[in-house]
Amino acid sequence: MAERTVFQSISRAHVVSLAPQASVRDAACVMTRANCGSVLVMELPDTLLGILTERDLMTRVLARGLDPDHTAVREVMTPNPICVPPETLVSDAVVLMLERGFRHLPLVAGAKVLGVFSVRDALPREIGAAVSLSEFREQVNDALG
């Protein structure tokens, strides 16, 4: 069976986004309504500026005691996130996320943002393959010094 691409595996093909001046509370409400763990920060018409995730809300807002009503998403987002094309294999995306320490990956075709791949979109089989590949790469790097 052929491995899925990230575009085939995303649970929704629409983009959940906010403008950079939106409040953190707005972002939390949008994520809650969409039942997703991230929101893209975009400038009209379709310029990707950053991504704000549940982890960002916890570590950059709550842990710092920032006021969610008076903190703009641009102040706490991850700017210029790593993006992948829609034909990226799920295991390759998971390896990238494991190695870089994040859980959400915007999908971009040319200048068009197609959605966000989350580690939750991967199947256990694909996660297992990615973990094995990541461990193998780590062992090779250790051996090479």
# chains A, B, ... in the order shown; residues from 1 in each chain; ligands from 1
>>> residues_around(residues="region 49-51 of chain A", least_positions_apart="3", cutoff="8 Å", atoms="only C-alpha atoms", output="JSON, numbers by chain")
{"A": [20, 38, 39, 40, 41, 42, 43, 74, 77, 78, 79, 80, 81]}
>>> select_by_dssp(residues="chain A", states="helix (DSSP H, G or I)", output="PyMOL selection string")
chain A and resi 6-9+24-34+54-62+73-76+90-100+119-121+124-144
>>> residues_around(residues="Val6 (chain A)", least_positions_apart="3", cutoff="8 Å", atoms="only C-alpha atoms", output="list in words")
Ser9, Ile10, Pro86, Glu87, Thr88, Leu89, Val90, Ala93, Leu107 and Phe117 of chain A
>>> closest_residue(among="A:Ala109, A:Ala34, A:Val61, A:Val119", to="Ser91 (chain A)", atoms="only C-alpha atoms")
A:Val119
>>> residues_around(residues="Phe102 (chain A)", least_positions_apart="3", cutoff="12 Å", atoms="only C-alpha atoms", output="list in words")
Gly37, Ser38, Ile51, Leu52, Thr53, Glu54, Arg55, Asp56, Thr78, Pro81, Ile82, Cys83, Ala93, Val94, Val95, Leu96, Met97, Leu98, Glu99, Leu105, Pro106, Phe117, Ser118, Val119 and Arg120 of chain A
>>> write_last_selection(atoms="C-alpha atoms", output="short mmCIF file (atom, residue, chain, number, x, y, z; two decimals), in the first residue's frame")
data_model
loop_
_atom_site.label_atom_id
_atom_site.label_comp_id
_atom_site.auth_asym_id
_atom_site.auth_seq_id
_atom_site.Cartn_x
_atom_site.Cartn_y
_atom_site.Cartn_z
CA GLY A 37 -4.54 22.92 17.70
CA SER A 38 -3.20 25.79 15.61
CA ILE A 51 1.57 30.06 13.23
CA LEU A 52 0.14 30.05 16.74
CA THR A 53 -0.35 26.71 18.48
CA GLU A 54 -1.82 25.40 21.71
CA ARG A 55 1.72 25.02 23.03
CA ASP A 56 2.43 28.69 22.19
CA THR A 78 6.12 31.46 15.63
CA PRO A 81 7.15 28.57 10.07
CA ILE A 82 8.70 25.70 8.16
CA CYS A 83 6.25 24.66 5.43
CA ALA A 93 6.69 15.21 7.66
CA VAL A 94 6.65 13.35 10.98
CA VAL A 95 10.45 12.95 10.90
CA LEU A 96 10.78 16.69 10.30
CA MET A 97 8.45 17.46 13.21
CA LEU A 98 10.24 15.01 15.52
CA GLU A 99 13.65 16.40 14.66
CA LEU A 105 3.23 21.94 9.66
CA PRO A 106 1.65 24.33 7.15
CA PHE A 117 -0.73 18.91 8.85
CA SER A 118 -0.79 17.90 12.50
CA VAL A 119 1.02 14.94 14.00
CA ARG A 120 -2.50 13.76 14.92
#
>>> residues_around(residues="Ser23 (chain A)", least_positions_apart="2", cutoff="10 Å", atoms="only C-alpha atoms", output="PyMOL selection string")
chain A and resi 18-21+25-29+67-75
>>> atom_distance(atom1="CA of Leu62 (chain A)", atom2="CA of Ser17 (chain A)")
21.0 Å
>>> closest_residue(among="A:Gly65, A:Gln8, A:Asp92, A:His104", to="Cys36 (chain A)", atoms="only C-alpha atoms")
A:His104
>>> atom_distance(atom1="CA of Val116 (chain A)", atom2="CA of Ser11 (chain A)")
9.0 Å
>>> atom_distance(atom1="CA of Lys112 (chain A)", atom2="CA of Leu48 (chain A)")
9.0 Å
>>> select_by_dssp(residues="chain A", states="strand (DSSP E or B)", output="PyMOL selection string")
chain A and resi 5+17-18+23+38-43+47-53+72+78-79+84+89+104-109+112-118
>>> write_last_selection(atoms="N, CA, C and O atoms", output="compact mmCIF listing (two decimals), in the first residue's frame")
# COMPACT_ATOMS: atom_id res chain seq x y z
N THR A 5 0.16 11.10 1.39
CA THR A 5 0.82 12.40 1.45
C THR A 5 0.19 13.21 2.58
O THR A 5 -0.90 12.87 3.07
N SER A 17 -7.35 30.68 9.94
CA SER A 17 -6.38 31.77 10.03
C SER A 17 -6.96 33.00 10.69
O SER A 17 -8.18 33.15 10.81
N LEU A 18 -6.05 33.87 11.11
CA LEU A 18 -6.39 35.15 11.72
C LEU A 18 -5.41 36.21 11.22
O LEU A 18 -4.28 35.88 10.81
N SER A 23 -6.51 39.25 18.70
CA SER A 23 -6.06 38.96 20.07
C SER A 23 -5.82 37.46 20.26
O SER A 23 -6.36 36.63 19.52
N SER A 38 -4.01 24.68 16.11
CA SER A 38 -3.20 25.79 15.61
C SER A 38 -4.03 26.71 14.74
O SER A 38 -5.09 26.32 14.24
N VAL A 39 -3.53 27.92 14.59
CA VAL A 39 -4.15 28.88 13.69
C VAL A 39 -3.01 29.57 12.94
O VAL A 39 -1.96 29.87 13.52
N LEU A 40 -3.20 29.75 11.64
CA LEU A 40 -2.20 30.44 10.84
C LEU A 40 -2.42 31.94 10.96
O LEU A 40 -3.56 32.40 10.98
N VAL A 41 -1.33 32.68 11.04
CA VAL A 41 -1.41 34.14 11.11
C VAL A 41 -1.08 34.63 9.71
O VAL A 41 0.02 34.40 9.20
N MET A 42 -2.08 35.29 9.08
CA MET A 42 -1.94 35.67 7.68
C MET A 42 -2.34 37.12 7.46
O MET A 42 -3.22 37.64 8.14
N GLU A 43 -1.67 37.72 6.51
CA GLU A 43 -2.00 39.06 6.07
C GLU A 43 -2.70 38.93 4.73
O GLU A 43 -2.32 38.09 3.91
N THR A 47 -0.75 36.03 2.55
CA THR A 47 0.65 35.99 2.98
C THR A 47 0.75 35.35 4.36
O THR A 47 0.20 35.87 5.33
N LEU A 48 1.44 34.22 4.45
CA LEU A 48 1.64 33.52 5.72
C LEU A 48 2.73 34.23 6.51
O LEU A 48 3.87 34.32 6.06
N LEU A 49 2.38 34.71 7.69
CA LEU A 49 3.34 35.39 8.56
C LEU A 49 3.86 34.47 9.66
O LEU A 49 5.00 34.59 10.09
N GLY A 50 2.98 33.59 10.15
CA GLY A 50 3.37 32.74 11.28
C GLY A 50 2.29 31.74 11.63
O GLY A 50 1.27 31.63 10.94
N ILE A 51 2.53 31.04 12.72
CA ILE A 51 1.57 30.06 13.23
C ILE A 51 1.52 30.20 14.75
O ILE A 51 2.53 30.50 15.40
N LEU A 52 0.34 30.03 15.30
CA LEU A 52 0.14 30.05 16.74
C LEU A 52 -0.49 28.73 17.13
O LEU A 52 -1.50 28.32 16.54
N THR A 53 0.12 28.04 18.08
CA THR A 53 -0.35 26.71 18.48
C THR A 53 -0.79 26.69 19.94
O THR A 53 -0.54 27.64 20.69
N ALA A 72 -1.63 40.69 21.02
CA ALA A 72 -1.88 40.35 19.62
C ALA A 72 -1.16 39.06 19.27
O ALA A 72 -0.08 38.78 19.80
N THR A 78 4.84 31.89 16.19
CA THR A 78 6.12 31.46 15.63
C THR A 78 6.17 32.05 14.22
O THR A 78 5.36 31.67 13.37
N PRO A 79 7.09 33.00 13.99
CA PRO A 79 7.14 33.62 12.67
C PRO A 79 7.79 32.71 11.63
O PRO A 79 8.61 31.85 11.98
N VAL A 84 5.75 22.71 4.10
CA VAL A 84 6.04 21.64 3.16
C VAL A 84 5.01 21.65 2.03
O VAL A 84 3.89 22.12 2.22
N LEU A 89 5.48 13.10 1.85
CA LEU A 89 4.99 11.88 2.50
C LEU A 89 4.81 12.12 3.99
O LEU A 89 5.57 12.86 4.62
N HIS A 104 2.86 20.92 14.27
CA HIS A 104 2.00 21.46 13.21
C HIS A 104 2.86 21.97 12.06
O HIS A 104 3.85 22.66 12.29
N LEU A 105 2.44 21.64 10.84
CA LEU A 105 3.23 21.94 9.66
C LEU A 105 2.33 22.49 8.56
O LEU A 105 1.50 21.74 8.02
N PRO A 106 2.47 23.78 8.23
CA PRO A 106 1.65 24.33 7.15
C PRO A 106 1.98 23.68 5.80
O PRO A 106 3.14 23.37 5.52
N LEU A 107 0.94 23.47 4.99
CA LEU A 107 1.10 22.92 3.65
C LEU A 107 0.95 24.07 2.66
O LEU A 107 -0.05 24.80 2.70
N VAL A 108 1.95 24.23 1.79
CA VAL A 108 1.95 25.34 0.85
C VAL A 108 2.27 24.83 -0.55
O VAL A 108 3.21 24.05 -0.72
N ALA A 109 1.47 25.27 -1.51
CA ALA A 109 1.72 24.97 -2.93
C ALA A 109 1.97 26.30 -3.61
O ALA A 109 1.05 27.10 -3.76
N LYS A 112 0.23 29.52 -2.27
CA LYS A 112 -1.09 29.23 -1.70
C LYS A 112 -0.98 28.30 -0.50
O LYS A 112 -0.40 27.21 -0.58
N VAL A 113 -1.55 28.73 0.61
CA VAL A 113 -1.61 27.91 1.82
C VAL A 113 -2.82 26.99 1.71
O VAL A 113 -3.94 27.45 1.50
N LEU A 114 -2.57 25.68 1.85
CA LEU A 114 -3.63 24.68 1.67
C LEU A 114 -4.23 24.17 2.98
O LEU A 114 -5.32 23.61 2.99
N GLY A 115 -3.49 24.30 4.07
CA GLY A 115 -3.95 23.77 5.34
C GLY A 115 -2.77 23.52 6.25
O GLY A 115 -1.65 23.97 5.99
N VAL A 116 -3.03 22.77 7.32
CA VAL A 116 -1.99 22.45 8.30
C VAL A 116 -2.03 20.95 8.58
O VAL A 116 -3.09 20.40 8.88
N PHE A 117 -0.87 20.32 8.48
CA PHE A 117 -0.73 18.91 8.85
C PHE A 117 -0.35 18.87 10.32
O PHE A 117 0.56 19.57 10.76
N SER A 118 -1.07 18.08 11.08
CA SER A 118 -0.79 17.90 12.50
C SER A 118 -0.29 16.48 12.71
O SER A 118 -0.68 15.56 11.99
>>> decode(residues="region 74-108 of chain A", atoms="N, CA, C and O atoms", output="CSV table (one decimal), in the first residue's frame")
chain,number,residue,atom,x,y,z
A,74,ARG,N,0.5,38.4,16.7
A,74,ARG,CA,1.8,38.6,16.1
A,74,ARG,C,2.9,38.7,17.2
A,74,ARG,O,4.1,38.4,16.9
A,75,GLU,N,2.5,39.0,18.5
A,75,GLU,CA,3.5,39.1,19.5
A,75,GLU,C,4.0,37.7,20.1
A,75,GLU,O,5.0,37.6,20.7
A,76,VAL,N,3.2,36.7,19.9
A,76,VAL,CA,3.5,35.4,20.5
A,76,VAL,C,3.5,34.2,19.5
A,76,VAL,O,3.7,33.1,19.8
A,77,MET,N,3.3,34.5,18.2
A,77,MET,CA,3.3,33.5,17.1
A,77,MET,C,4.7,33.0,16.9
A,77,MET,O,5.7,33.7,17.2
A,78,THR,N,4.8,31.9,16.2
A,78,THR,CA,6.1,31.5,15.6
A,78,THR,C,6.2,32.0,14.2
A,78,THR,O,5.4,31.7,13.4
A,79,PRO,N,7.1,33.0,14.0
A,79,PRO,CA,7.1,33.6,12.7
A,79,PRO,C,7.8,32.7,11.6
A,79,PRO,O,8.6,31.8,12.0
A,80,ASN,N,7.4,32.9,10.4
A,80,ASN,CA,8.0,32.2,9.3
A,80,ASN,C,8.2,30.7,9.5
A,80,ASN,O,9.3,30.1,9.5
A,81,PRO,N,7.1,30.0,9.8
A,81,PRO,CA,7.2,28.6,10.1
A,81,PRO,C,7.7,27.8,8.9
A,81,PRO,O,7.5,28.2,7.7
A,82,ILE,N,8.3,26.6,9.2
A,82,ILE,CA,8.7,25.7,8.2
A,82,ILE,C,7.4,25.2,7.5
A,82,ILE,O,6.5,24.8,8.2
A,83,CYS,N,7.4,25.1,6.2
A,83,CYS,CA,6.2,24.7,5.4
A,83,CYS,C,6.7,23.5,4.5
A,83,CYS,O,7.9,23.4,4.2
A,84,VAL,N,5.8,22.7,4.1
A,84,VAL,CA,6.0,21.6,3.2
A,84,VAL,C,5.0,21.7,2.0
A,84,VAL,O,3.9,22.1,2.2
A,85,PRO,N,5.4,21.1,0.9
A,85,PRO,CA,4.4,21.0,-0.2
A,85,PRO,C,3.4,19.9,0.1
A,85,PRO,O,3.7,18.9,0.8
A,86,PRO,N,2.3,19.9,-0.6
A,86,PRO,CA,1.2,18.9,-0.3
A,86,PRO,C,1.6,17.5,-0.6
A,86,PRO,O,1.0,16.5,-0.1
A,87,GLU,N,2.6,17.3,-1.5
A,87,GLU,CA,3.0,15.9,-1.9
A,87,GLU,C,4.0,15.3,-1.0
A,87,GLU,O,4.4,14.1,-1.2
A,88,THR,N,4.4,16.0,0.1
A,88,THR,CA,5.3,15.4,1.1
A,88,THR,C,4.7,14.2,1.7
A,88,THR,O,3.5,14.2,2.1
A,89,LEU,N,5.5,13.1,1.9
A,89,LEU,CA,5.0,11.9,2.5
A,89,LEU,C,4.8,12.1,4.0
A,89,LEU,O,5.6,12.9,4.6
A,90,VAL,N,3.8,11.5,4.6
A,90,VAL,CA,3.5,11.7,6.0
A,90,VAL,C,4.7,11.3,6.8
A,90,VAL,O,5.1,12.0,7.8
A,91,SER,N,5.4,10.2,6.5
A,91,SER,CA,6.5,9.8,7.4
A,91,SER,C,7.6,10.9,7.3
A,91,SER,O,8.3,11.1,8.3
A,92,ASP,N,7.9,11.5,6.2
A,92,ASP,CA,8.9,12.5,6.1
A,92,ASP,C,8.5,13.7,6.9
A,92,ASP,O,9.3,14.4,7.5
A,93,ALA,N,7.2,14.1,6.9
A,93,ALA,CA,6.7,15.2,7.7
A,93,ALA,C,6.8,14.9,9.2
A,93,ALA,O,7.3,15.8,9.9
A,94,VAL,N,6.5,13.7,9.6
A,94,VAL,CA,6.6,13.4,11.0
A,94,VAL,C,8.1,13.4,11.4
A,94,VAL,O,8.4,13.9,12.5
A,95,VAL,N,9.0,12.9,10.6
A,95,VAL,CA,10.4,12.9,10.9
A,95,VAL,C,10.9,14.4,11.1
A,95,VAL,O,11.5,14.7,12.1
A,96,LEU,N,10.5,15.3,10.2
A,96,LEU,CA,10.8,16.7,10.3
A,96,LEU,C,10.3,17.3,11.6
A,96,LEU,O,11.0,18.0,12.3
A,97,MET,N,9.0,16.9,12.0
A,97,MET,CA,8.5,17.5,13.2
A,97,MET,C,9.2,16.9,14.4
A,97,MET,O,9.4,17.6,15.4
A,98,LEU,N,9.5,15.6,14.4
A,98,LEU,CA,10.2,15.0,15.5
A,98,LEU,C,11.6,15.7,15.7
A,98,LEU,O,12.0,16.0,16.8
A,99,GLU,N,12.3,15.8,14.6
A,99,GLU,CA,13.6,16.4,14.7
A,99,GLU,C,13.7,17.9,15.0
A,99,GLU,O,14.6,18.3,15.7
A,100,ARG,N,12.6,18.6,14.7
A,100,ARG,CA,12.6,20.1,15.0
A,100,ARG,C,11.7,20.4,16.2
A,100,ARG,O,11.7,21.5,16.6
A,101,GLY,N,11.0,19.4,16.7
A,101,GLY,CA,10.3,19.6,18.0
A,101,GLY,C,9.0,20.4,17.9
A,101,GLY,O,8.7,21.2,18.8
A,102,PHE,N,8.2,20.2,16.8
A,102,PHE,CA,6.9,20.9,16.7
A,102,PHE,C,5.9,19.9,16.2
A,102,PHE,O,6.3,18.8,15.8
A,103,ARG,N,4.6,20.3,16.3
A,103,ARG,CA,3.5,19.3,16.0
A,103,ARG,C,2.6,19.8,14.8
A,103,ARG,O,1.7,19.0,14.5
A,104,HIS,N,2.9,20.9,14.3
A,104,HIS,CA,2.0,21.5,13.2
A,104,HIS,C,2.9,22.0,12.1
A,104,HIS,O,3.9,22.7,12.3
A,105,LEU,N,2.4,21.6,10.8
A,105,LEU,CA,3.2,21.9,9.7
A,105,LEU,C,2.3,22.5,8.6
A,105,LEU,O,1.5,21.7,8.0
A,106,PRO,N,2.5,23.8,8.2
A,106,PRO,CA,1.6,24.3,7.1
A,106,PRO,C,2.0,23.7,5.8
A,106,PRO,O,3.1,23.4,5.5
A,107,LEU,N,0.9,23.5,5.0
A,107,LEU,CA,1.1,22.9,3.6
A,107,LEU,C,0.9,24.1,2.7
A,107,LEU,O,0.0,24.8,2.7
A,108,VAL,N,1.9,24.2,1.8
A,108,VAL,CA,2.0,25.3,0.9
A,108,VAL,C,2.3,24.8,-0.5
A,108,VAL,O,3.2,24.0,-0.7
